[in-house]
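For reference, start.txt (compact mmCIF, C-alpha atoms):
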```
# COMPACT_ATOMS: atom_id res chain seq x y z
CA MET S 1 55.19 98.74 -228.61
CA GLU S 2 52.22 100.58 -227.15
CA ASP S 3 51.58 97.71 -224.73
CA THR S 4 55.20 97.83 -223.56
CA ASN S 5 55.04 101.59 -222.95
CA ARG S 6 51.74 101.20 -221.15
CA LYS S 7 53.12 98.48 -218.86
CA LEU S 8 56.18 100.62 -218.15
CA LEU S 9 53.95 103.59 -217.29
CA VAL S 10 51.82 101.42 -215.00
CA LYS S 11 54.95 100.13 -213.21
CA ARG S 12 56.20 103.66 -212.69
CA ILE S 13 52.85 104.78 -211.30
CA VAL S 14 52.73 101.77 -208.95
CA VAL S 15 56.29 102.50 -207.73
CA MET S 16 55.42 106.16 -207.17
CA LEU S 17 52.29 105.21 -205.22
CA ILE S 18 54.29 102.78 -203.07
CA PHE S 19 56.87 105.46 -202.27
CA LEU S 20 54.08 107.96 -201.53
CA ALA S 21 52.40 105.48 -199.17
CA LEU S 22 55.72 104.82 -197.42
CA PHE S 23 56.33 108.55 -197.05
CA ILE S 24 52.85 109.16 -195.62
CA GLY S 25 53.32 106.22 -193.23
CA ALA S 26 56.73 107.48 -192.09
CA PHE S 27 55.42 111.04 -191.68
CA SER S 28 52.43 109.83 -189.66
CA GLY S 29 54.71 107.64 -187.55
CA ALA S 30 56.96 110.63 -186.83
CA LEU S 31 53.98 112.71 -185.66
CA TYR S 32 52.75 109.85 -183.46
CA PHE S 33 56.26 109.43 -182.09
CA TYR S 34 56.39 113.14 -181.21
CA GLN S 35 52.96 113.09 -179.59
CA ASN S 36 53.85 110.05 -177.51
CA ASP S 37 57.14 111.59 -176.42
CA ARG S 38 55.43 114.88 -175.52
CA THR S 39 52.98 112.99 -173.31
CA GLN S 40 55.78 111.08 -171.55
CA ARG S 41 57.82 114.18 -170.76
CA SER S 42 54.88 116.08 -169.24
CA ALA S 43 53.84 115.70 -165.63
CA ASN S 44 50.47 117.01 -164.45
CA LEU S 45 49.75 115.15 -161.26
CA ALA S 46 47.73 115.75 -158.10
CA PHE S 47 48.49 114.58 -154.56
CA GLY S 48 46.47 114.83 -151.38
CA ASP S 49 42.73 115.10 -150.81
CA ASP S 50 41.33 118.06 -152.72
CA LYS S 51 37.85 117.28 -151.31
CA THR S 52 38.84 118.59 -147.91
CA VAL S 53 37.18 121.99 -147.63
CA ASN S 54 39.65 123.67 -145.26
CA ARG S 55 43.09 123.17 -146.75
CA MET S 56 46.11 124.75 -148.41
CA ASP S 57 46.64 124.14 -152.12
CA VAL S 58 50.16 124.20 -153.51
CA ALA S 59 50.98 124.43 -157.21
CA VAL S 60 54.50 123.09 -157.79
CA ASN S 61 56.07 124.00 -161.13
CA LEU S 62 59.27 122.41 -162.41
CA LEU S 63 61.21 125.31 -163.94
CA GLY S 64 64.40 123.61 -165.04
CA VAL S 65 66.63 120.55 -164.85
CA ASP S 66 70.43 120.54 -164.91
CA PRO S 67 71.91 117.05 -164.38
CA ILE S 68 75.43 118.40 -164.98
CA LYS S 69 75.13 120.77 -162.01
CA GLY S 70 73.01 118.19 -160.18
CA GLU S 71 69.99 120.34 -159.40
CA ILE S 72 66.37 121.01 -160.32
CA ASN S 73 64.54 124.34 -160.00
CA LEU S 74 61.04 124.46 -158.52
CA ARG S 75 58.45 127.12 -157.82
CA PHE S 76 55.85 126.68 -155.07
CA ALA S 77 52.64 128.71 -155.19
CA PRO S 78 50.45 128.25 -152.07
CA LYS S 79 46.75 129.13 -152.15
CA PRO S 80 44.42 129.05 -149.14
CA GLU S 81 41.00 127.38 -149.27
CA GLY S 82 38.03 127.23 -146.88
CA THR S 83 38.54 128.83 -143.47
CA TYR S 84 42.14 129.65 -144.36
CA ALA S 85 41.02 132.04 -147.11
CA LYS S 86 39.12 135.29 -147.32
CA ASP S 87 39.18 136.94 -150.75
CA ASP S 88 42.21 134.74 -151.58
CA ARG S 89 44.05 136.16 -148.54
CA LEU S 90 45.23 134.19 -145.55
CA THR S 91 43.08 134.43 -142.45
CA LYS S 92 45.98 133.47 -140.19
CA GLU S 93 49.76 133.55 -140.24
CA LEU S 94 51.35 130.28 -141.37
CA LYS S 95 54.81 128.89 -141.87
CA PHE S 96 55.48 127.07 -145.13
CA PHE S 97 58.30 124.52 -145.31
CA THR S 98 59.63 123.60 -148.79
CA GLY S 99 63.11 122.24 -148.14
CA ILE S 100 64.73 124.21 -150.97
CA GLU S 101 68.49 124.58 -150.68
CA SER S 102 69.18 127.83 -152.57
CA GLY S 103 67.02 130.00 -150.32
CA LYS S 104 64.93 129.89 -147.18
CA ALA S 105 63.62 126.40 -146.52
CA GLU S 106 60.95 127.86 -144.23
CA VAL S 107 58.91 130.91 -145.25
CA THR S 108 56.42 132.90 -143.20
CA LEU S 109 53.12 133.59 -144.94
CA GLU S 110 51.63 136.71 -143.42
CA LYS S 111 48.03 137.10 -142.34
CA ASN S 112 45.65 139.14 -144.54
CA ARG S 113 47.97 138.88 -147.53
CA ILE S 114 47.95 136.79 -150.69
CA PRO S 115 50.69 134.15 -150.17
CA ASP S 116 53.89 134.79 -152.08
CA THR S 117 55.40 132.15 -154.35
CA VAL S 118 58.62 130.47 -153.30
CA ALA S 119 61.29 129.43 -155.80
CA GLY S 120 64.58 127.63 -155.39
CA SER S 121 66.66 124.61 -156.29
CA LEU S 122 67.04 121.09 -154.92
CA SER S 123 69.92 118.66 -155.33
CA ILE S 124 69.66 115.63 -157.58
CA PHE S 125 70.74 112.25 -156.26
CA ASN S 126 70.68 108.60 -157.38
CA GLY S 127 71.95 109.30 -160.86
CA ARG S 128 75.17 109.75 -162.81
CA VAL S 129 75.19 112.18 -165.70
CA SER S 130 78.12 110.23 -167.18
CA ASP S 131 75.62 107.49 -168.11
CA TYR S 132 74.15 109.82 -170.77
CA PRO S 133 71.85 109.24 -172.66
CA PHE S 134 70.62 106.46 -170.37
CA ASP S 135 71.06 108.38 -167.12
CA LYS S 136 68.22 108.59 -164.61
CA HIS S 137 68.01 110.98 -161.68
CA SER S 138 65.73 111.69 -158.77
CA SER S 139 65.20 114.37 -156.16
CA ASP S 140 63.02 114.47 -153.04
CA PHE S 141 61.19 117.37 -151.47
CA TYR S 142 58.93 117.66 -148.43
CA LEU S 143 56.05 120.10 -147.90
CA PHE S 144 54.03 121.05 -144.85
CA PHE S 145 52.40 124.06 -143.19
CA SER S 146 52.40 124.96 -139.53
CA ASN S 147 50.66 127.52 -137.36
CA PRO S 148 53.26 129.30 -135.19
CA LYS S 149 50.54 130.15 -132.63
CA ASP S 150 49.22 126.59 -132.50
CA GLU S 151 51.90 124.00 -133.33
CA LYS S 152 49.43 121.14 -132.83
CA GLU S 153 47.11 122.32 -135.59
CA GLU S 154 47.14 120.01 -138.58
CA ILE S 155 46.82 121.82 -141.90
CA PRO S 156 45.75 119.56 -144.81
CA MET S 157 47.30 120.07 -148.23
CA ALA S 158 46.52 119.33 -151.86
CA ILE S 159 49.46 119.48 -154.25
CA ASN S 160 49.36 119.91 -158.02
CA PHE S 161 52.65 119.24 -159.77
CA TYR S 162 53.35 120.61 -163.25
CA GLY S 163 56.50 119.73 -165.18
CA ALA S 164 57.36 119.68 -168.88
CA ILE S 165 61.01 120.17 -169.77
CA SER S 166 62.15 119.65 -173.35
CA GLY S 167 64.45 116.66 -173.71
CA TYR S 168 63.41 114.99 -170.43
CA ASN S 169 60.77 112.60 -169.13
CA ILE S 170 59.36 113.81 -165.83
CA ASP S 171 57.56 111.61 -163.34
CA VAL S 172 56.49 112.33 -159.75
CA ASP S 173 55.21 110.07 -157.02
CA TYR S 174 55.13 109.72 -153.26
CA ILE S 175 58.40 108.74 -151.64
CA PRO S 176 58.14 104.96 -150.97
CA LYS S 177 56.62 104.13 -147.61
CA ALA S 178 59.73 102.20 -146.65
CA GLU S 179 61.59 105.54 -146.67
CA PHE S 180 58.92 108.04 -145.66
CA GLU S 181 55.23 107.93 -144.72
CA SER S 182 53.31 110.78 -146.35
CA SER S 183 50.03 112.14 -144.99
CA ASP S 184 47.58 114.89 -145.90
CA VAL S 185 49.45 117.34 -143.67
CA TYR S 186 53.05 116.29 -144.39
CA MET S 187 53.97 115.11 -147.88
CA GLY S 188 57.18 113.81 -149.36
CA LEU S 189 57.40 113.61 -153.16
CA ARG S 190 60.08 112.19 -155.43
CA VAL S 191 60.77 113.69 -158.85
CA ILE S 192 62.21 111.14 -161.30
CA ILE S 193 64.01 112.52 -164.35
CA SER S 194 65.26 110.66 -167.41
CA ARG S 195 66.05 111.53 -171.03
CA SER S 196 63.14 111.60 -173.45
CA VAL S 197 62.78 109.01 -176.21
CA ILE S 198 63.66 111.60 -178.85
CA THR S 199 66.84 112.57 -177.01
CA LYS S 200 67.91 108.94 -176.67
CA SER S 201 67.08 108.17 -180.31
CA PHE S 202 68.96 111.20 -181.63
CA SER S 203 71.98 110.44 -179.44
CA ILE S 204 72.07 106.82 -180.63
CA PHE S 205 71.73 108.03 -184.24
CA LEU S 206 74.75 110.32 -183.81
CA MET S 207 76.76 107.54 -182.16
CA ILE S 208 76.07 105.25 -185.13
CA SER S 209 76.95 108.10 -187.50
CA MET S 210 80.31 108.63 -185.80
CA TRP S 211 81.06 104.93 -186.06
CA LEU S 212 80.19 104.96 -189.77
CA ILE S 213 82.38 108.01 -190.41
CA GLY S 214 85.32 106.39 -188.64
CA LEU S 215 84.87 103.07 -190.43
CA VAL S 216 84.53 104.69 -193.86
CA VAL S 217 87.72 106.70 -193.41
CA PHE S 218 89.63 103.72 -192.02
CA THR S 219 88.38 101.38 -194.78
CA MET S 220 89.40 103.92 -197.42
CA THR S 221 92.88 104.11 -195.87
CA MET S 222 93.24 100.33 -195.74
CA ALA S 223 92.22 100.10 -199.41
CA VAL S 224 95.00 102.53 -200.29
CA LEU S 225 97.47 100.56 -198.13
CA TRP S 226 96.73 97.04 -199.41
CA LEU S 227 95.38 97.68 -202.88
CA PRO S 228 96.95 99.57 -205.77
CA ARG S 229 94.72 102.57 -205.22
CA PRO S 230 95.96 106.03 -206.20
CA ILE S 231 96.58 108.52 -203.38
CA GLU S 232 94.72 111.76 -203.92
CA PHE S 233 95.28 115.00 -202.04
CA GLY S 234 91.56 115.18 -201.23
CA MET S 235 91.95 112.16 -198.95
CA PHE S 236 94.20 114.15 -196.62
CA THR S 237 91.75 117.07 -196.45
CA LEU S 238 88.86 114.66 -195.82
CA ILE S 239 90.62 112.93 -192.94
CA ALA S 240 91.82 116.21 -191.43
CA GLY S 241 88.33 117.64 -191.69
CA MET S 242 86.74 114.59 -190.05
CA LEU S 243 89.30 114.73 -187.25
CA PHE S 244 87.98 118.14 -186.18
CA ALA S 245 84.36 117.59 -187.26
CA LEU S 246 83.74 114.57 -185.01
CA PRO S 247 83.94 116.61 -181.75
CA ALA S 248 81.32 118.96 -183.21
CA VAL S 249 79.10 115.98 -184.09
CA ARG S 250 79.57 114.63 -180.59
CA ASN S 251 78.50 117.97 -179.06
CA LEU S 252 75.31 117.99 -181.18
CA GLN S 253 73.79 115.55 -178.72
CA PRO S 254 71.22 117.48 -176.63
CA GLY S 255 72.34 118.10 -173.05
CA VAL S 256 75.50 116.02 -173.48
CA PRO S 257 77.84 116.15 -170.44
CA PRO S 258 81.57 116.96 -170.63
CA LEU S 259 84.01 114.53 -172.21
CA GLY S 260 84.30 111.12 -170.57
CA GLY S 261 80.71 109.89 -170.52
CA LEU S 262 79.24 106.59 -171.67
CA THR S 263 78.47 107.96 -175.14
CA ASP S 264 82.17 108.77 -175.64
CA PHE S 265 83.29 105.25 -174.76
CA LEU S 266 80.60 103.76 -177.00
CA SER S 267 81.38 105.75 -180.13
CA PHE S 268 83.31 109.04 -180.06
CA PHE S 269 86.66 107.76 -178.81
CA TRP S 270 86.57 104.86 -181.27
CA ALA S 271 85.61 106.98 -184.27
CA GLU S 272 88.18 109.66 -183.44
CA SER S 273 90.87 107.00 -183.03
CA LEU S 274 90.07 105.40 -186.40
CA VAL S 275 90.29 108.76 -188.14
CA ALA S 276 93.48 109.75 -186.29
CA ILE S 277 95.19 106.45 -187.15
CA SER S 278 94.22 106.77 -190.81
CA MET S 279 96.14 110.01 -191.31
CA PRO S 280 99.70 108.69 -190.59
CA ILE S 281 98.97 105.46 -192.50
CA LEU S 282 97.94 107.43 -195.57
CA PHE S 283 100.97 109.67 -195.21
CA PHE S 284 103.24 106.61 -194.96
CA CYS S 285 101.75 105.26 -198.21
CA TRP S 286 102.26 108.58 -199.96
CA LEU S 287 105.83 108.83 -198.74
CA THR S 288 106.96 105.29 -199.60
CA ARG S 289 105.31 105.11 -203.01
CA TYR S 290 107.11 108.10 -204.39
CA LYS S 291 108.79 107.31 -207.67
CA LYS S 292 111.26 109.62 -209.33
CA ASN S 293 110.49 110.18 -212.98
```
Could you express the structure from this file as structure tokens?
Amino acid sequence: MEDTNRKLLVKRIVVMLIFLALFIGAFSGALYFYQNDRTQRSANLAFGDDKTVNRMDVAVNLLGVDPIKGEINLRFAPKPEGTYAKDDRLTKELKFFTGIESGKAEVTLEKNRIPDTVAGSLSIFNGRVSDYPFDKHSSDFYLFFSNPKDEKEEIPMAINFYGAISGYNIDVDYIPKAEFESSDVYMGLRVIISRSVITKSFSIFLMISMWLIGLVVFTMTMAVLWLPRPIEFGMFTLIAGMLFALPAVRNLQPGVPPLGGLTDFLSFFWAESLVAISMPILFFCWLTRYKKN
């Protein structure tokens, strides 16, 4: 008897240790998954030759992304170096071209003043938000400085791009040479935006959940229709509740576009249809199986 109890205790301890090891492994995997995703959705890149002594540095910060509106928000912070700077102030008047669309594309930076930052938005192209969560977008911008008193003067640049937007992967690179040839004095950069791994995973999880909800409700209804299962009032409240709960589940997806996207055709429309069809079928069963006592 004591041996049996001891073996049972050992089995329970082994099972508990296995579950603890699985939990620790899953928890560690989740942290690694987060760290990897955080690295992917952060852009900290440099362009141009920062070894050139006399140049203009530009810090470009990505402030926001809105694929639904089709725009990104950027802030440009120029900083003079070498002969262009004296106590962080410009030694000569320059014109700064950013190409932003919501404000002045060309800004005058006054002499003997610390250059002001420039902020604005650019349009997104080459992407359809309806492909959510697998949509991918890009936007181009061009930067250069010019001296209004000497148009032939070439002003080298060094650009530092910073971008980390929750829910998105951000990548930046030169515009391909087949489309535009960048140089140290005239640069064209392309910002590439896609959904982060966490966003895609969570969206797919919710799509699977909606399918399961629809299938469970429909299977329950078919069991009542074809098998001698009793009809309970709670079934009607469950189906009615799911009918209005599914749109809320659908809208839980981060940054989901309006109705009619890929995610709706993959799951939401199907799940909502299964639930909606189940209600009249269940009502038909309730109505036809009435027996007068």
**Report entry** Nearest to Asp135 in chain S, chosen from S:Gly255, S:Pro115, S:Gly48, S:Gly99, with only C-alpha atoms counted in the distances
**Finding:** S:Gly255
Requested in this report: With a distance cut-off of 8 Å and only C-alpha atoms, select the neighbouring residues of Trp270 in chain S, excluding the residue or stretch itself and same-chain residues fewer than 5 positions from it, and output the selection as a list in words.
Outcome: Trp211, Gly214 and Phe265 of chain S
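Closest approach to Val275 in chain S among S:Thr263, S:Thr221, S:Asn44, S:Thr288 is made by S:Thr221 (distances from all atoms listed in the file).
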Report task. Can you work out which one of S:Phe141, S:Phe205, S:Tyr84, S:Trp286 has the shortest atom-to-atom distance to Asn112 in chain S, counting all atoms listed in the file? Result ->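 Nearest candidate to Asn112 in chain S out of S:Phe141, S:Phe205, S:Tyr84, S:Trp286: S:Tyr84.
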**Report entry** Polymer residues at most 12 Å from Asn147 in chain S, all atoms listed in the file, same-chain spacing of 6 or more positions, as a list in words
**Finding:** Tyr84, Leu90, Thr91, Lys92, Glu93, Leu94, Lys95, Phe96, Phe97, Val107, Thr108, Leu109, Glu110, Lys111, Glu153, Glu154, Ile155 and Pro156 of chain S
Would you kindly return, as a tab-separated table (two decimals) with C-alpha atoms, in the frame of the given file, each protein, DNA or RNA residue with an atom no farther than 9 Å from any atom of Gly127 in chain S, considering only C-alpha atoms and excluding same-chain residues fewer than 4 positions away?
```tsv
chain	number	residue	atom	x	y	z
S	67	PRO	CA	71.91	117.05	-164.38
S	70	GLY	CA	73.01	118.19	-160.18
S	131	ASP	CA	75.62	107.49	-168.11
S	135	ASP	CA	71.06	108.38	-167.12
S	136	LYS	CA	68.22	108.59	-164.61
S	137	HIS	CA	68.01	110.98	-161.68
S	138	SER	CA	65.73	111.69	-158.77
```
Requested in this report: Considering all atoms listed in the file, return as number ranges by chain whatever protein or nucleic-acid residues lie within 9 Å of Val53 in chain S, sequence-local ones (same chain, fewer than 4 positions apart) excluded.
Outcome: S: 81-83
Give me a file of those residues, with C-alpha atoms, as an mmCIF file, in the coordinates of the input.
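Saved as again09.cif:
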```cif
data_model
loop_
_atom_site.group_PDB
_atom_site.id
_atom_site.type_symbol
_atom_site.label_atom_id
_atom_site.label_comp_id
_atom_site.auth_asym_id
_atom_site.auth_seq_id
_atom_site.Cartn_x
_atom_site.Cartn_y
_atom_site.Cartn_z
ATOM 1 C CA GLU S 81 41.000 127.380 -149.270
ATOM 2 C CA GLY S 82 38.030 127.230 -146.880
ATOM 3 C CA THR S 83 38.540 128.830 -143.470
#
```
Query - Spatial neighbours of Phe76 in chain S, 12 Å, only C-alpha atoms, chain gap at least 6 places, as a PyMOL selection string - result: chain S and resi 56-63+96-100+105+107+115-121+141-144+159-162
Report task. One decimal, Å: what's the distance from CA of Ser196 in chain S over to CA of Ser166 in chain S, could you say? Result -> 8.1 Å
Query raised in the report: Out of S:Ile231, S:Ala158, S:Val224, S:Ala271, which residue has the shortest atom-to-atom distance to Leu246 in chain S when counting only C-alpha atoms?
Result: S:Ala271
Every residue with an atom at most 10 Å from (66.2, 111.6, -175.1) (file coordinates; only C-alpha atoms) is what I'm after, so could you write them as a PDB file with C-alpha atoms, keeping the file's coordinate frame?
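Okay, this is what ended up in result-v4.pdb:
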```
ATOM      1  CA  ASP S  37      57.140 111.590-176.420  1.00  0.00           C
ATOM      2  CA  ARG S  41      57.820 114.180-170.760  1.00  0.00           C
ATOM      3  CA  TYR S 132      74.150 109.820-170.770  1.00  0.00           C
ATOM      4  CA  PRO S 133      71.850 109.240-172.660  1.00  0.00           C
ATOM      5  CA  PHE S 134      70.620 106.460-170.370  1.00  0.00           C
ATOM      6  CA  ASP S 135      71.060 108.380-167.120  1.00  0.00           C
ATOM      7  CA  SER S 166      62.150 119.650-173.350  1.00  0.00           C
ATOM      8  CA  GLY S 167      64.450 116.660-173.710  1.00  0.00           C
ATOM      9  CA  TYR S 168      63.410 114.990-170.430  1.00  0.00           C
ATOM     10  CA  ASN S 169      60.770 112.600-169.130  1.00  0.00           C
ATOM     11  CA  SER S 194      65.260 110.660-167.410  1.00  0.00           C
ATOM     12  CA  ARG S 195      66.050 111.530-171.030  1.00  0.00           C
ATOM     13  CA  SER S 196      63.140 111.600-173.450  1.00  0.00           C
ATOM     14  CA  VAL S 197      62.780 109.010-176.210  1.00  0.00           C
ATOM     15  CA  ILE S 198      63.660 111.600-178.850  1.00  0.00           C
ATOM     16  CA  THR S 199      66.840 112.570-177.010  1.00  0.00           C
ATOM     17  CA  LYS S 200      67.910 108.940-176.670  1.00  0.00           C
ATOM     18  CA  SER S 201      67.080 108.170-180.310  1.00  0.00           C
ATOM     19  CA  PHE S 202      68.960 111.200-181.630  1.00  0.00           C
ATOM     20  CA  SER S 203      71.980 110.440-179.440  1.00  0.00           C
ATOM     21  CA  ILE S 204      72.070 106.820-180.630  1.00  0.00           C
ATOM     22  CA  GLN S 253      73.790 115.550-178.720  1.00  0.00           C
ATOM     23  CA  PRO S 254      71.220 117.480-176.630  1.00  0.00           C
ATOM     24  CA  GLY S 255      72.340 118.100-173.050  1.00  0.00           C
TER      25      GLY S 255
END
```
Query raised in the report: Within 9 Å of (89.5, 107.9, -189.0), in the coordinates the file gives, what residues turn up when you count all atoms listed in the file, written out as number ranges by chain?
Result: S: 213-219, 221, 239-240, 242-243, 270-279
Requested in this report: Using only C-alpha atoms, pick whichever of S:Pro78, S:Pro247, S:Gly25, S:Gly234 has the shortest atom-to-atom distance to Phe145 in chain S.
Outcome: S:Pro78
Requested in this report: To one decimal in Å, tell me the separation between CA of Asp88 in chain S and CA of Met157 in chain S.
Outcome: 15.9 Å
Query raised in the report: Using only C-alpha atoms, which of S:Leu122, S:Val15, S:Ile114, S:Ile175 sits nearest Lys79 in chain S?
Result: S:Ile114
Query raised in the report: CA of Tyr186 in chain S and CA of Arg89 in chain S are how many Å apart?
Result: 22.2 Å
